[in-house]
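Below is one structure, written out as structure tokens; the observations come after it.
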Amino acid sequence: MSTTRITKCARFLLPVLLGFILLAPHSAEAQSTANPEPSDWFAGDPHLHRGIGCGRSNEKEMLSPQQLLEMMKVNNLAVVSVLADAGNGEIKYADQDLAMITGQDNAVSTPQRIVHWDAEWHYDPEGVTFERKMIGGHLILLGLKHGGQPFAQYTFPIFAWAREQGGIAGFAHMQYLPFAFYPPPDGVPQSLDCCAPLEYPVETALGSASFLMEDVRGGDSALQAYYRILNTGFRPGLAAGTDYSCNDNEPLGTLLTYVRIPDGKLTYGKWIDGLARGQTVVSRNAHNEFLDLKVNGTAQPGDEIRLEGTGPVRVRVEYRSLHSNVGRIELVQNGSIVASQTAEVSAASPAVLETTLDFRQSGWLAARRMDWQTGHRTHTGAVFVIVKGAPIRASASDARFFVSWIDNLLKQTSPGGKWSGFFAKDREAAQKRYRDARAIFLQRAAEAEQQKAP
Ligand SMILES: [Zn+2]
Ligand SMILES: [Zn+2]
């Protein structure tokens with residue numbers, strides 16, 4: 001049961017004016033006046049490249065740190081992760097870029113803007129001429145202390161390589177996964193492209209992947225994948241970035257990730273830590289809008305609420321926009337829309353959706369702002385609601401979907417399978433990961449059935 005109430009809110013204007021008065025003498029950039037997010041959230045682009053390739057194939061020079069700092073101003077970004085090519089070296093000049101990874105912010109960084117080198121790892125199975133190829137997907141490696149060009153025919157050793165340096169890693173390009181409207185094999189990739197993250201269920205279940213990222217143009221199939229993985233009880237962070245210049249050279253931050261840093265003091269380490277913890281809101285509408293989700297007054301994306309028994313939780317979603325706009329606010333519970341409202345907003349007047357929801361078993365909530373033609377424009381990370389201490393097992397069919405996914409991986413990577421040729425060296429080790437993850441999903445399917453039973 002749910003009740004829904006919509007209010008328009010002018011309280012937004014006062015903090016903006018106060019923020020301007022307080023910050024203006026100290027900051028030439030007066031950034032709070034131009035941002036839709038609260039002051040303890042920081043907008044960044046965790047996936048961009050400065051090299052030659054993609055939309056910069058005809059260039060002679062890599063972009064300089066100073067140029068990247070200037071490019072951050074278009075969308076008023078606080079953080080950029082400049083990714084060296086730690087994989088097949090398609091983005092030139094990888095050797096120069098990898099040497100820029102030191103674990104420190106680049107020297108051009110300012111108190112307002114962090115420019116930081118990290119890496120993407122990929123050996124595309126299709127569309128390139130490089131001899132080495134693999135099917136697992138592209139990994140975004142953040143918080144590295146040094147560069148390198150590790151290679152394996154599956155992703156786990158690369159996650160381990162990042163972790164040995166104190167870094168975190170996740171899967172890029174989630175939007176290239178197919179939608180699934182019907183039972184498997186619908187939704188289970190049957191063919192290869194450059195980038196689809198075929199091992200994302202495996203390494204998320206086994207605890208290696210810290211986040212899932214949409215990029216380039218983004219897309220709603222990334223959300224379907226995110227919802228399924230949340231429904232089976234895993235909690236990867238949700239991230240978005242541009243993959244500049246592979247996005248037709250659209251500005252940095254055209255897709256971006258807001259990360260909440262509870263003490264409000266920005267460092268790169270805290271920003272990527274918040275991203276891995278799911279304290280995020282993603283935008284496909286650059287730095288123009290924000291969704292402020294609060295559950296029971298204080299819980300925000302990445303947080304957990306524990307309920308002693310079944311009962312109502314209060315939810316408040318505030319849709320803030322720098323420009324006048326009309327869109328739909330939707331509240332998502334365990335992958336289903338449970339409240340929605342078409343809302344008109346302007347900079348001085350955000351829209352607020354307030355509702356109360358019953359939680360009969362453990363689950364999660366997220367908010368999104370939808371556009372009729374292009375799908376989600378903003379999306380929050382999940383808030384987790386734990387009822388009577390039970391783990392989240394919200395969907396047996398989603399757990400079984402991943403079992404089917406991994407069955408297909410095992411079949412196609414075995415001798416005689418379509419993808420067998422990618423595993424001359426690492427088949428045994430890769431398939432052990434697949435089987436271990438499969439067992440987890442199988443168990444969770446059973447646990448989800450048990451929770452559902454009266
Ligand atoms: Zn990539
Ligand atoms: Zn990339």
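For the structure tokens, the naming scheme is as follows: chains receive sequential letters (A, B, ...) according to their order of presentation, residues are indexed from 1 within each chain, and ligands are indexed from 1 in presentation order.
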
Non-local contacts of stretch 364-375 of chain A (9 Å; only C-alpha atoms; under 6 positions in same chain excluded) as a PyMOL selection string: chain A and resi 219-220+230-231+290-293+295+301+304+317+319+326-335+381-386+392+394

Selection near A:Asn285, 8 Å with only C-alpha atoms, sequence-local residues under 5 positions removed, as number ranges by chain: A: 254-255, 377-378

Can you check which parts of chain A lie within 7 Å of ligand 1? Per residue, the shortest pair of atoms and distance in Å to one decimal, counting only C-alpha atoms and all ligand atoms, sorted by chain and number, as a tab-separated table.
residue	atom	partner	partner_atom_place_in_ligand_line	distance
A:Glu120	CA	ligand 1	1 (Zn)	6.8
A:His122	CA	ligand 1	1 (Zn)	6.5
A:His138	CA	ligand 1	1 (Zn)	5.1
A:Ala172	CA	ligand 1	1 (Zn)	6.3
A:His173	CA	ligand 1	1 (Zn)	6.6
A:Cys195	CA	ligand 1	1 (Zn)	6.1

Interatomic distance (Å, one decimal) between atom CA of A:Lys452 and atom CA of A:Gly237: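 Between atom CA of A:Lys452 and atom CA of A:Gly237 the gap is 26.3 Å.
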
Could you list, with a cut-off of 7 Å and counting only C-alpha atoms and all ligand atoms, the residues of chain A near ligand 2, each shown with its nearest atom pair and the distance in Å rounded to one decimal, rows sorted by chain and ascending number, as a Markdown table?
| residue | atom | partner | partner_atom_place_in_ligand_line | distance |
| --- | --- | --- | --- | --- |
| A:His47 | CA | ligand 2 | 1 (Zn) | 6.1 |
| A:Leu48 | CA | ligand 2 | 1 (Zn) | 6.1 |
| A:His49 | CA | ligand 2 | 1 (Zn) | 6.5 |
| A:Glu120 | CA | ligand 2 | 1 (Zn) | 6.2 |
| A:Asp243 | CA | ligand 2 | 1 (Zn) | 4.5 |

Output file for the residues above (N, CA, C and O atoms, as a CSV table (one decimal), in the first residue's frame):
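Generated output (result-v7.csv):
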chain,number,residue,atom,x,y,z
A,47,HIS,N,35.3,8.5,-16.1
A,47,HIS,CA,35.7,7.7,-17.3
A,47,HIS,C,35.9,8.7,-18.5
A,47,HIS,O,35.0,9.0,-19.2
A,48,LEU,N,37.2,9.1,-18.6
A,48,LEU,CA,37.5,9.8,-19.9
A,48,LEU,C,38.9,9.5,-20.3
A,48,LEU,O,39.7,9.0,-19.5
A,49,HIS,N,39.2,9.8,-21.5
A,49,HIS,CA,40.5,9.5,-22.1
A,49,HIS,C,41.1,10.8,-22.7
A,49,HIS,O,40.3,11.5,-23.3
A,120,GLU,N,41.8,2.3,-17.6
A,120,GLU,CA,40.8,1.4,-18.1
A,120,GLU,C,41.6,0.2,-18.7
A,120,GLU,O,42.6,0.3,-19.4
A,243,ASP,N,33.3,8.5,-21.2
A,243,ASP,CA,34.2,7.8,-22.1
A,243,ASP,C,34.7,8.7,-23.2
A,243,ASP,O,35.0,8.3,-24.3

Those in stretch 93-193 of chain A with strand (DSSP E or B) from DSSP, as a list in words: Asp105, Ile114, Val115, His116, Trp117, Asp118, Ala119, Glu120, Trp121, Leu139, Ile140, Leu141, Leu142, Ile168, Ala169, Gly170 and Phe171 of chain A

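Between A:Ala399 and the residues A:Ala225, A:Val282, A:Leu177, A:Ala453, the shortest atom-to-atom distance, using only C-alpha atoms, involves A:Ala225.
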
Interatomic distance, atom CA of A:Ser349 to atom CA of A:Ala34 (Å, one decimal):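 Rounded to one decimal, the two atoms are 14.6 Å apart.
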
Spatial neighbours of A:Pro46, max dist 9 Å, only C-alpha atoms, sep filter under 2 positions, as a list in words: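 So the residues in contact are Gly44, Leu48, Val79, Val80, Ser81, Val82, Leu83, Ile140, Leu142, Ala239, Ala240, Gly241, Thr242, Asp243, Gly253, Leu256, Thr257 and Ile272 of chain A.
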
Distance in Å - atom CA of A:Ala446 versus atom CA of A:Val403: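 Computed distance, atom CA of A:Ala446 to atom CA of A:Val403, equals 12.0 Å.
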